[in-house]
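work_10.txt follows; it contains compact mmCIF, C-alpha atoms and all ligand atoms.
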# COMPACT_ATOMS: atom_id res chain seq x y z
CA MET Y 10 93.80 93.05 114.44
CA PRO Y 11 96.48 93.21 111.73
CA GLU Y 12 95.27 91.01 108.89
CA GLY Y 13 95.84 91.18 105.14
CA ASP Y 14 94.05 94.51 104.74
CA THR Y 15 95.96 96.20 107.58
CA VAL Y 16 99.25 94.98 106.16
CA TRP Y 17 98.27 96.13 102.67
CA ASN Y 18 97.44 99.59 104.07
CA THR Y 19 100.70 99.68 106.01
CA ALA Y 20 102.69 98.84 102.89
CA ARG Y 21 101.03 101.77 101.16
CA VAL Y 22 101.85 104.15 104.02
CA LEU Y 23 105.51 103.13 103.86
CA ASP Y 24 105.54 103.36 100.10
CA ARG Y 25 104.17 106.91 100.14
CA ALA Y 26 106.59 107.96 102.89
CA LEU Y 27 109.79 106.39 101.61
CA ALA Y 28 109.63 105.10 98.03
CA GLY Y 29 112.16 106.84 95.83
CA ALA Y 30 113.99 108.35 98.78
CA ARG Y 31 117.54 107.79 99.91
CA LEU Y 32 117.77 106.99 103.61
CA THR Y 33 119.67 109.50 105.71
CA GLY Y 34 119.83 107.23 108.73
CA SER Y 35 118.61 104.05 110.35
CA ASP Y 36 118.39 102.79 113.90
CA PHE Y 37 117.70 99.11 114.48
CA ARG Y 38 116.80 98.14 118.03
CA VAL Y 39 116.84 94.37 117.60
CA PRO Y 40 119.95 92.29 118.30
CA GLN Y 41 120.13 90.61 114.89
CA LEU Y 42 120.33 93.95 113.06
CA ALA Y 43 121.92 96.15 115.73
CA ALA Y 44 125.05 96.71 113.62
CA THR Y 45 123.16 97.38 110.38
CA ASP Y 46 123.30 100.91 108.97
CA LEU Y 47 121.14 101.74 105.96
CA THR Y 48 122.39 105.31 105.54
CA GLY Y 49 122.69 106.04 101.82
CA TRP Y 50 120.46 103.15 100.80
CA ALA Y 51 117.65 103.90 98.34
CA VAL Y 52 114.08 102.74 98.96
CA ARG Y 53 112.62 101.15 95.83
CA GLU Y 54 109.15 100.24 97.04
CA SER Y 55 107.10 98.79 99.84
CA ALA Y 56 104.87 95.79 99.23
CA SER Y 57 102.80 93.30 101.15
CA ARG Y 58 102.41 89.59 100.69
CA GLY Y 59 99.66 88.16 102.89
CA LYS Y 60 100.54 89.42 106.35
CA HIS Y 61 104.22 90.02 105.50
CA LEU Y 62 105.72 93.43 104.75
CA LEU Y 63 108.54 93.76 102.23
CA LEU Y 64 110.47 97.02 102.03
CA ARG Y 65 112.72 96.79 98.99
CA LEU Y 66 116.00 98.66 99.10
CA THR Y 67 119.07 99.23 96.95
CA ALA Y 68 122.42 99.40 98.70
CA PRO Y 69 125.02 101.97 97.59
CA THR Y 70 126.85 99.09 95.87
CA GLY Y 71 123.77 98.51 93.70
CA THR Y 72 122.73 95.22 95.30
CA GLN Y 73 119.04 94.76 96.04
CA TRP Y 74 117.77 93.94 99.51
CA THR Y 75 114.46 93.44 101.26
CA LEU Y 76 113.70 94.47 104.82
CA HIS Y 77 111.07 92.00 105.99
CA SER Y 78 108.71 92.54 108.91
CA HIS Y 79 105.58 90.93 110.29
CA LEU Y 80 102.98 92.67 112.43
CA ARG Y 81 101.41 89.58 114.07
CA MET Y 82 98.93 90.73 116.74
CA ASP Y 83 100.46 94.02 117.80
CA GLY Y 84 103.08 95.35 115.40
CA VAL Y 85 102.66 98.70 113.66
CA TRP Y 86 104.60 100.95 111.29
CA ARG Y 87 103.98 104.69 111.34
CA ALA Y 88 105.30 107.43 109.09
CA TYR Y 89 106.03 110.83 110.61
CA THR Y 90 107.29 114.08 109.16
CA PRO Y 91 110.79 114.99 110.39
CA GLY Y 92 110.52 116.72 113.76
CA GLU Y 93 107.07 115.32 114.51
CA ARG Y 94 106.70 113.47 117.83
CA TRP Y 95 106.45 109.68 117.64
CA THR Y 96 103.32 108.92 119.57
CA ALA Y 97 101.87 105.69 118.18
CA ARG Y 98 103.30 103.44 120.91
CA PRO Y 99 105.69 103.70 123.90
CA ALA Y 100 109.30 104.26 122.85
CA HIS Y 101 110.52 100.96 124.32
CA LEU Y 102 108.49 99.13 121.67
CA ILE Y 103 110.43 100.75 118.81
CA ARG Y 104 112.29 98.13 116.78
CA VAL Y 105 113.52 100.25 113.88
CA VAL Y 106 113.64 103.86 112.72
CA LEU Y 107 114.27 104.74 109.07
CA ARG Y 108 114.97 108.38 108.22
CA SER Y 109 114.70 110.06 104.85
CA PRO Y 110 114.72 113.75 103.94
CA GLY Y 111 110.90 113.85 103.84
CA ALA Y 112 109.75 111.26 106.35
CA VAL Y 113 110.65 109.14 109.33
CA ALA Y 114 109.25 105.60 109.46
CA VAL Y 115 109.04 104.05 112.91
CA GLY Y 116 108.34 100.34 113.36
CA TYR Y 117 106.91 99.29 116.71
CA HIS Y 118 106.82 95.76 118.08
CA LEU Y 119 107.67 94.24 114.70
CA HIS Y 120 108.30 90.55 114.41
CA GLU Y 121 110.64 88.55 112.17
CA LEU Y 122 112.59 91.68 111.26
CA ALA Y 123 115.22 90.56 108.77
CA LEU Y 124 117.28 91.93 105.90
CA VAL Y 125 117.62 89.49 103.02
CA ALA Y 126 118.71 89.74 99.41
CA THR Y 127 115.64 90.53 97.31
CA ALA Y 128 116.50 87.51 95.16
CA GLU Y 129 115.91 85.41 98.28
CA GLU Y 130 112.53 86.88 99.22
CA GLU Y 131 110.95 83.56 98.39
CA SER Y 132 112.68 82.06 101.41
CA LEU Y 133 110.46 84.34 103.52
CA VAL Y 134 107.17 84.27 101.62
CA GLY Y 135 107.48 81.43 99.11
CA HIS Y 136 105.47 79.08 101.32
CA LEU Y 137 102.42 81.35 101.26
CA GLY Y 138 99.30 80.52 99.35
CA PRO Y 139 97.65 83.00 96.97
CA ASP Y 140 97.59 86.52 98.43
CA LEU Y 141 93.99 87.70 98.84
CA LEU Y 142 95.02 91.28 98.08
CA GLY Y 143 97.89 90.53 95.73
CA PRO Y 144 97.94 91.43 92.04
CA ASP Y 145 98.25 87.69 91.35
CA TRP Y 146 95.31 86.57 93.52
CA ASP Y 147 94.26 83.10 92.37
CA ALA Y 148 90.96 81.97 93.88
CA ASP Y 149 91.01 78.56 92.18
CA GLU Y 150 94.43 77.78 93.61
CA ALA Y 151 93.29 78.80 97.10
CA VAL Y 152 90.26 76.50 96.83
CA ARG Y 153 92.48 73.68 95.58
CA ARG Y 154 94.84 74.07 98.53
CA LEU Y 155 91.99 74.17 101.06
CA ALA Y 156 90.34 71.11 99.54
CA ALA Y 157 93.60 69.15 99.68
CA GLU Y 158 93.06 68.63 103.42
CA PRO Y 159 89.38 67.66 103.56
CA GLU Y 160 89.30 66.49 107.18
CA ARG Y 161 90.69 69.69 108.60
CA THR Y 162 88.25 72.14 110.17
CA ILE Y 163 87.47 75.12 107.96
CA GLY Y 164 88.34 77.46 110.83
CA GLU Y 165 91.90 76.12 110.98
CA ALA Y 166 92.26 75.82 107.21
CA LEU Y 167 91.35 79.47 106.57
CA LEU Y 168 94.00 80.63 109.02
CA ASP Y 169 96.73 78.54 107.41
CA GLN Y 170 98.65 81.05 105.31
CA ARG Y 171 99.88 78.25 103.04
CA ASN Y 172 96.30 77.88 101.78
CA LEU Y 173 95.57 81.55 101.22
CA ALA Y 174 97.45 84.51 102.61
CA GLY Y 175 95.84 87.34 104.52
CA VAL Y 176 93.03 85.89 106.64
CA GLY Y 177 93.37 86.19 110.42
CA ASN Y 178 90.92 85.51 113.23
CA LEU Y 179 88.65 88.44 112.46
CA TYR Y 180 87.97 87.58 108.83
CA LYS Y 181 87.86 83.86 109.57
CA CYS Y 182 85.04 84.39 112.08
CA GLU Y 183 83.13 86.86 109.96
CA VAL Y 184 83.32 84.87 106.72
CA LEU Y 185 82.08 81.72 108.41
CA PHE Y 186 79.22 83.56 110.09
CA LEU Y 187 78.15 85.11 106.79
CA ARG Y 188 78.24 81.69 105.12
CA GLY Y 189 76.35 80.05 107.99
CA VAL Y 190 79.17 77.56 108.49
CA SER Y 191 80.41 76.36 111.88
CA PRO Y 192 84.17 76.87 112.35
CA TRP Y 193 84.43 73.16 113.25
CA THR Y 194 82.99 71.95 109.97
CA PRO Y 195 85.48 69.75 108.10
CA VAL Y 196 86.54 71.32 104.81
CA ARG Y 197 84.90 68.49 102.86
CA ALA Y 198 81.48 69.39 104.35
CA VAL Y 199 81.63 73.13 103.57
CA PRO Y 200 78.77 73.60 101.10
CA ASP Y 201 80.43 76.14 98.82
CA LEU Y 202 84.18 76.43 99.19
CA PRO Y 203 84.68 78.75 96.17
CA GLY Y 204 81.96 81.04 97.53
CA THR Y 205 83.62 81.09 100.95
CA VAL Y 206 86.98 82.01 99.44
CA ALA Y 207 85.42 84.67 97.22
CA LEU Y 208 83.67 86.23 100.21
CA ALA Y 209 86.91 86.35 102.22
CA GLN Y 210 88.57 88.20 99.35
CA ARG Y 211 85.69 90.68 99.02
CA LEU Y 212 85.65 91.45 102.75
CA LEU Y 213 89.38 92.15 102.88
CA ALA Y 214 89.33 94.15 99.67
CA ALA Y 215 86.48 96.32 100.98
CA ASN Y 216 88.68 97.50 103.84
CA ARG Y 217 91.67 98.52 101.76
CA GLY Y 218 92.45 102.18 102.18
CA ARG Y 219 90.86 102.56 105.63
CA TRP Y 220 91.96 101.49 109.10
CA THR Y 221 88.55 100.52 110.41
CA GLN Y 222 87.94 96.86 109.64
CA SER Y 223 84.24 96.44 108.96
CA THR Y 224 82.42 93.39 107.63
CA THR Y 225 78.96 94.84 108.20
CA GLY Y 226 79.38 98.02 106.21
CA VAL Y 227 78.98 99.96 109.47
CA LEU Y 228 82.04 101.97 110.49
CA ARG Y 229 80.93 103.22 113.89
CA ARG Y 230 82.46 101.63 116.98
CA GLY Y 231 80.55 98.55 118.12
CA GLY Y 232 78.94 98.03 114.74
CA THR Y 233 81.79 96.79 112.58
CA SER Y 234 81.44 93.00 112.99
CA TYR Y 235 78.79 90.28 113.18
CA VAL Y 236 80.48 87.97 115.66
CA TYR Y 237 84.14 88.94 116.15
CA GLY Y 238 84.68 90.59 119.54
CA ARG Y 239 80.99 90.18 120.43
CA ARG Y 240 80.99 87.37 123.02
CA ALA Y 241 77.64 87.05 124.84
CA GLN Y 242 76.13 89.84 122.77
CA PRO Y 243 73.02 89.08 120.71
CA CYS Y 244 73.51 87.80 117.16
CA ARG Y 245 72.57 90.53 114.69
CA ARG Y 246 70.49 87.99 112.77
CA CYS Y 247 68.82 85.68 115.29
CA GLY Y 248 69.42 87.24 118.71
CA ALA Y 249 71.22 84.21 120.18
CA ALA Y 250 74.25 84.91 122.37
CA ILE Y 251 77.49 84.95 120.39
CA ARG Y 252 79.99 82.41 121.69
CA LYS Y 253 83.75 82.57 121.98
CA GLU Y 254 86.43 79.93 122.25
CA GLU Y 255 90.11 80.66 122.71
CA LEU Y 256 92.99 78.36 121.92
CA GLY Y 257 96.24 80.28 122.36
CA GLU Y 258 96.24 83.05 119.75
CA ARG Y 259 93.41 81.37 117.87
CA VAL Y 260 90.18 82.98 118.90
CA THR Y 261 86.87 81.91 117.44
CA TYR Y 262 83.56 83.71 117.74
CA TRP Y 263 80.40 82.20 116.30
CA CYS Y 264 76.63 82.07 116.54
CA PRO Y 265 75.48 78.60 117.62
CA VAL Y 266 72.14 79.06 115.85
CA CYS Y 267 73.22 80.63 112.53
CA GLN Y 268 76.26 78.35 112.30
CA PRO Y 269 75.02 74.88 113.30
CA ASP Y 270 77.62 72.15 113.58
CA ARG Y 271 77.36 69.94 110.51
CA ALA Y 272 80.03 67.42 111.51
ZN ZN H 1 72.57 83.94 114.89

Starting from the file, give its structure as structure tokens.
Amino acid sequence: MPEGDTVWNTARVLDRALAGARLTGSDFRVPQLAATDLTGWAVRESASRGKHLLLRLTAPTGTQWTLHSHLRMDGVWRAYTPGERWTARPAHLIRVVLRSPGAVAVGYHLHELALVATAEEESLVGHLGPDLLGPDWDADEAVRRLAAEPERTIGEALLDQRNLAGVGNLYKCEVLFLRGVSPWTPVRAVPDLPGTVALAQRLLAANRGRWTQSTTGVLRRGGTSYVYGRRAQPCRRCGAAIRKEELGERVTYWCPVCQPDRA
């Protein structure tokens, strides 16, 4: 599940592969950028902001641009060495290929792919709340934004990237389990909002630099989460069957015993 940590890791992969290089070719396979050619453009850096990826480029004219992408549920960027086979996903899912002398970056199933002037990056990410993994992470501001809508359920509020940027379904479920809070608790009734926000940040930060997302400290398959992806399996704390509810892309897993409804 691409959440803030996955996107942070992806930004680092792209940065290592391309930063400082001059592109020797590009191939966009989306209609809005089909005519775009980045040959000769220099890659300045790759960064993440919440779940958004920002690849910053300098055109041969000297103007600064940002190639934006979003992974959503299924997008992925991979870096290959020139000549290496691209095996991460089927070829028909490729949305863009960026070539440099030392690496080829292939973006599969990317969303919101757009090239904007770097000066206008805010139009893409300016609405986001504090970035959990950003250098400017501001826990107090995240708490303030969450608390501004006291009647909203905490499950919804944590997913709203305008409150804090980087939490998806996995971390939402796991944080609330660890805090013993039902996802349907209104924000005003969450016992310790700053503690909840701090825990979300710690969980994401712990998974930087690795692709396995674990909230339990266990990295082996089947052991990485308390509730997420564990419908009908026994709660690791109390043994009750973990429950799941799905509303479109919003999936919630919780333990009905450890997370009693306080509403
Ligand atoms: Zn339980």

As AutoDock Vina command-line options, please: the centre and edge lengths in Å, to one decimal, of an axis-aligned box enclosing every listed atom of stretch 181-191 of chain Y with 5 Å added on each side.
--center_x 82.1 --center_y 81.6 --center_z 108.6 --size_x 21.5 --size_y 20.5 --size_z 17.0

**Request:** Mind checking which residues fall within 8 Å of Y:Tyr180, counting all atoms listed in the file, ignoring those fewer than 3 positions away in the same chain, and posting them as number ranges by chain?
**Result:** Y: 176-177, 183-184, 209, 212-213

**Request:** Rank Y:Leu179, Y:Ala88, Y:Ala174, Y:Ala198 by their smallest atom-to-atom distance to Y:Glu158, using only C-alpha atoms, and report the top residue only.
**Result:** Y:Ala198

**Request:** Name all residues at most 9 Å from stretch 55-59 of chain Y (count all atoms listed in the file; drop same-chain ones fewer than 4 positions away) and give them as a ChimeraX atom specification.
**Result:** /Y:12-14,16-25,27-28,63-66,134,137-143,170,173-176

**Item:** Of the listed residues Y:Thr127, Y:Thr221, Y:Ser35, Y:Thr75, that which approaches Y:Thr48 most closely, counting all atoms listed in the file
**Value:** Y:Ser35

Compile a residue-level contact table for chain Y against ligand ZN 1 (chain H) at a cut-off of 7 Å, reporting for every qualifying residue the shortest atom pair and its distance in Å to one decimal, with only C-alpha atoms and all ligand atoms counted, rows ordered by chain and ascending number, as a tab-separated table.
residue	atom	partner	partner_atom	distance
Y:Cys244	CA	H:ZN1	ZN	4.6
Y:Arg245	CA	H:ZN1	ZN	6.6
Y:Arg246	CA	H:ZN1	ZN	5.0
Y:Cys247	CA	H:ZN1	ZN	4.2
Y:Gly248	CA	H:ZN1	ZN	6.0
Y:Ala249	CA	H:ZN1	ZN	5.5
Y:Cys264	CA	H:ZN1	ZN	4.8
Y:Pro265	CA	H:ZN1	ZN	6.7
Y:Val266	CA	H:ZN1	ZN	5.0
Y:Cys267	CA	H:ZN1	ZN	4.1
